[in-house]
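Heads up, the thing below is written out as structure tokens.
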Amino acid sequence: MNGKENVLAALSFRQPLDYVPVWELEFQAWDNLSGKEIYLGQKFCNLSEKEKDSAIHSNAEIIIETCIDLHFSALTTINNYWEVAPGHPSYSWLPDDWRSKQNVLLRQLCEKEGIAIAGTSGGCITMPGDSNFNGDNYIEFCCRLIEEPECIDEWAENVYKGGVENARKLRDMGYDIAITCSDIADNKGPFFSPAQMDRWFFPYLHKWTQEVEEMGMYTVLHTDGDVTPLLDGLMESRLHGLQAIDSLAGMDIEHVKKITAGKLCLCGNTPTGLLVKGPPECVFESTRDLLQSCKDGGGLIFGTSNAVVDETPAENYRQMIEAWKVYGQYDIV
């Protein structure tokens, strides 16, 4: 099986024939892991038009070479949510027109190399931080939940409709996986009450997953925080994958896998903090323990517990991959 076949098998709750697929929801350490320089964010914006055209081709080659080197089974293309404020790009952000061109190149190379391609569509509401509710103004948002529930109704409906529309665009471009990045919990547990989840989240998640599946794509929900109390609702939603299984919030991926086996594919979860701080031998040991306890039976896509930030040391991430080479393989009969 190639990488794409493996990751789609895992998202179908099956055990791939040869190895646990590797995929990162958000990977920002291309420079560190490739030893080369890609141009995104402000660096890209500072280029001339001719240089920008050259950069997106160079970016694509470096990204795919690194995916192959790190044995990635899937790649998430460049997203549009890393603009801190208008005119202030950061991380892996590109202007809309250039992002589209960059992602076409990435999709073509992924298809050639047998790598699945994932993109963010949205589809479900999230905790405060959305620009519709004045950034991180938790107090205002919480007041609206109680005092203006009809406003939240309208927002949830619009996010869902926009997510379906975006997913349709991904489908038309040949994507395999649609993602809704919708934080619904923090380290203490779910942000929304059970009644609020039943009104503003689960019905829309179910509709979004159903429509995306009918388009021929797989669905993944990313959320930070401890969502253990919400697992039953997530399994009932027809969702294929859950990322990130947040270890910082105390989620135990082995425990979660026992609950969700055959009903939800787990995507994670070597701790991102461990990857940044190391030491490398601890990264290796953590990865080994995770794979030994969770790989059997399939339904697992291996990666980190959130985003791989740009300051991640190459040695630490490579130790994670070295452990996967030893413990992420299935016995082929």
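FYI, nothing fancy with the structure tokens labels: chains A, B, ... in order, residues from 1 per chain, ligands from 1 as they appear.
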Subject >> Shell of 10 Å around A:Phe191, only C-alpha atoms, local chain residues under 3 positions omitted, as a ChimeraX atom specification >> reply: /A:126-128,183-188,194,196-197,225-227
Each stretch 110-154 of chain A residue no farther than 12 Å from stretch 95-106 of chain A, nearest pair in Å, only C-alpha atoms, as CSV:
residue,atom,partner,partner_atom,distance
A:Cys110,CA,A:Leu106,CA,6.0
A:Glu111,CA,A:Leu106,CA,8.6
A:Lys112,CA,A:Leu106,CA,9.9
A:Glu113,CA,A:Leu106,CA,10.5
A:Gly114,CA,A:Leu106,CA,11.9
A:Ile115,CA,A:Leu106,CA,10.1
A:Ala116,CA,A:Leu106,CA,10.7
A:Ile117,CA,A:Leu106,CA,8.6
A:Ala118,CA,A:Asn103,CA,10.5
A:Gly119,CA,A:Asn103,CA,9.5
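Residue nearest A:Tyr218 within the list A:Leu33, A:Arg199, A:Cys67, A:Ser12: A:Ser12 [criterion: smallest interatomic distance, only C-alpha atoms].
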Original post:
From the set A:Ala156, A:Leu275, A:Ala195, A:Ala10, which residue has the shortest atom-to-atom contact distance to A:Val309, counting only C-alpha atoms?
Top reply: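 Counting only C-alpha atoms, the residue closest to A:Val309 is A:Leu275.
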Subject >> DSSP alpha helix (DSSP H) residues within stretch 11-190 of chain A, listed as a ChimeraX atom specification >> reply: /A:11,30-34,41-45,49-69,96-113,138-147,149-172
Subject >> Among the residues A:Asn158, A:Ser193, A:Asn306, A:Ser121, the one that comes closest to A:Asp224 [using only C-alpha atoms] >> reply: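 Using only C-alpha atoms, A:Asp224 sits closest to A:Asn306.
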Original post:
What is the distance between atom CA of A:His206 and atom CA of A:Leu239, in Å to one decimal?
Top reply: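 Going from atom CA of A:His206 over to atom CA of A:Leu239 covers 7.5 Å.
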Identify, on the basis of only C-alpha atoms, every residue whose closest approach to stretch 159-169 of chain A does not exceed 12 Å; exclude the query and any residue fewer than 6 positions from it along the same chain; express the result as a PDB file with C-alpha atoms, in the first residue's frame.
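Wrote result.pdb, looks like this:
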ATOM      1  CA  SER A 100      -4.224  28.690  -4.628  1.00  0.00           C
ATOM      2  CA  ALA A 118      -5.952  17.339   3.179  1.00  0.00           C
ATOM      3  CA  GLY A 119      -7.371  20.837   3.410  1.00  0.00           C
ATOM      4  CA  THR A 120      -9.303  22.910   5.918  1.00  0.00           C
ATOM      5  CA  SER A 121     -12.917  23.683   5.109  1.00  0.00           C
ATOM      6  CA  GLY A 122     -14.422  24.630   8.439  1.00  0.00           C
ATOM      7  CA  GLY A 123     -17.908  23.464   9.277  1.00  0.00           C
ATOM      8  CA  CYS A 124     -18.451  23.840  13.016  1.00  0.00           C
ATOM      9  CA  ILE A 125     -18.232  26.655  15.542  1.00  0.00           C
ATOM     10  CA  THR A 126     -15.312  27.087  17.884  1.00  0.00           C
ATOM     11  CA  ASP A 130     -13.088  33.698  15.984  1.00  0.00           C
ATOM     12  CA  ASN A 132     -16.838  37.278  14.450  1.00  0.00           C
ATOM     13  CA  ILE A 152     -25.186  31.919  17.975  1.00  0.00           C
ATOM     14  CA  ASP A 153     -27.803  29.991  15.979  1.00  0.00           C
ATOM     15  CA  TYR A 175      -8.650  16.535  -2.132  1.00  0.00           C
ATOM     16  CA  ASP A 176      -9.033  13.392  -0.028  1.00  0.00           C
ATOM     17  CA  ILE A 177      -9.630  14.843   3.455  1.00  0.00           C
ATOM     18  CA  ALA A 178     -11.601  17.865   4.721  1.00  0.00           C
ATOM     19  CA  ILE A 179     -10.803  19.303   8.153  1.00  0.00           C
ATOM     20  CA  THR A 180     -12.801  21.504  10.490  1.00  0.00           C
ATOM     21  CA  CYS A 181     -10.520  23.176  13.053  1.00  0.00           C
ATOM     22  CA  SER A 182     -13.015  23.804  15.848  1.00  0.00           C
ATOM     23  CA  TRP A 200     -24.798  24.508  18.289  1.00  0.00           C
ATOM     24  CA  PHE A 201     -22.216  21.832  17.624  1.00  0.00           C
ATOM     25  CA  PHE A 202     -23.261  18.208  17.245  1.00  0.00           C
ATOM     26  CA  PRO A 203     -26.158  18.752  14.779  1.00  0.00           C
ATOM     27  CA  TYR A 204     -23.899  20.775  12.484  1.00  0.00           C
ATOM     28  CA  LEU A 205     -20.993  18.350  12.833  1.00  0.00           C
ATOM     29  CA  HIS A 206     -23.309  15.511  11.823  1.00  0.00           C
ATOM     30  CA  LYS A 207     -24.642  17.388   8.794  1.00  0.00           C
ATOM     31  CA  TRP A 208     -21.172  18.513   7.723  1.00  0.00           C
ATOM     32  CA  THR A 209     -19.642  15.029   8.007  1.00  0.00           C
ATOM     33  CA  GLN A 210     -22.546  13.490   6.117  1.00  0.00           C
ATOM     34  CA  GLU A 211     -22.346  15.961   3.251  1.00  0.00           C
ATOM     35  CA  VAL A 212     -18.555  15.740   2.984  1.00  0.00           C
ATOM     36  CA  GLU A 213     -18.684  11.949   3.003  1.00  0.00           C
ATOM     37  CA  GLU A 214     -21.239  12.038   0.208  1.00  0.00           C
ATOM     38  CA  MET A 215     -18.736  14.154  -1.757  1.00  0.00           C
ATOM     39  CA  GLY A 216     -16.293  11.248  -1.500  1.00  0.00           C
ATOM     40  CA  MET A 217     -13.951  12.717   1.110  1.00  0.00           C
ATOM     41  CA  TYR A 218     -13.017  11.819   4.654  1.00  0.00           C
ATOM     42  CA  THR A 219     -13.627  14.166   7.599  1.00  0.00           C
ATOM     43  CA  VAL A 220     -11.325  15.160  10.456  1.00  0.00           C
TER      44      VAL A 220
END
**OP:** Please indicate the distance in Å from atom CA of A:Ile68 to atom CA of A:Gly3, rounded to one decimal place.
**Re:**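 Taking atom CA of A:Ile68 as the start and atom CA of A:Gly3 as the end point, the length is 9.6 Å.
Looking only at stretch 136-251 of chain A, the set that DSSP places in strand (DSSP E or B) from backbone geometry is Ile177, Ala178, Ile179, Thr180, Cys181, Ala185, Asp186, Gly189, Pro190, Tyr218, Thr219, Val220, Leu221, His222, Gly241, Leu242 and Gln243 of chain A.
The list of residues with at least one atom within 10 Å of A:Pro280, based on only C-alpha atoms and without residues fewer than 2 positions apart in the same chain, reads Leu274, Leu275, Val276, Lys277, Gly278, Cys282, Val283, Phe284, Glu285, Ser286, Pro313, Ala314, Glu315, Asn316, Tyr317, Arg318, Gln319 and Met320 of chain A.
Residues in contact with A:Gly241 at up to 6 Å, not including ones fewer than 3 positions away on its chain and judged by only C-alpha atoms, are Val220, Leu264, Cys265 and Leu266 of chain A.
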For the selection you just gave me, I'd like the residues written to a file as an mmCIF file, in the first residue's frame, keeping C-alpha atoms.
data_model
loop_
_atom_site.group_PDB
_atom_site.id
_atom_site.type_symbol
_atom_site.label_atom_id
_atom_site.label_comp_id
_atom_site.auth_asym_id
_atom_site.auth_seq_id
_atom_site.Cartn_x
_atom_site.Cartn_y
_atom_site.Cartn_z
ATOM 1 C CA VAL A 220 -11.325 15.160 10.456
ATOM 2 C CA LEU A 264 -13.182 6.890 15.246
ATOM 3 C CA CYS A 265 -9.664 7.179 13.865
ATOM 4 C CA LEU A 266 -7.296 8.921 16.281
#
**OP:** May I ask for the distance between atom CA of A:Val326 and atom CA of A:Leu300, given in Å to one decimal place?
**Re:** 16.2 Å
**OP:** Pick out the closest residue to A:Leu40 from this set: A:Leu94, A:Ala74, A:Met1, A:Leu11. Count only C-alpha atoms.
**Re:**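 Result for the nearest residue to A:Leu40: A:Leu94.
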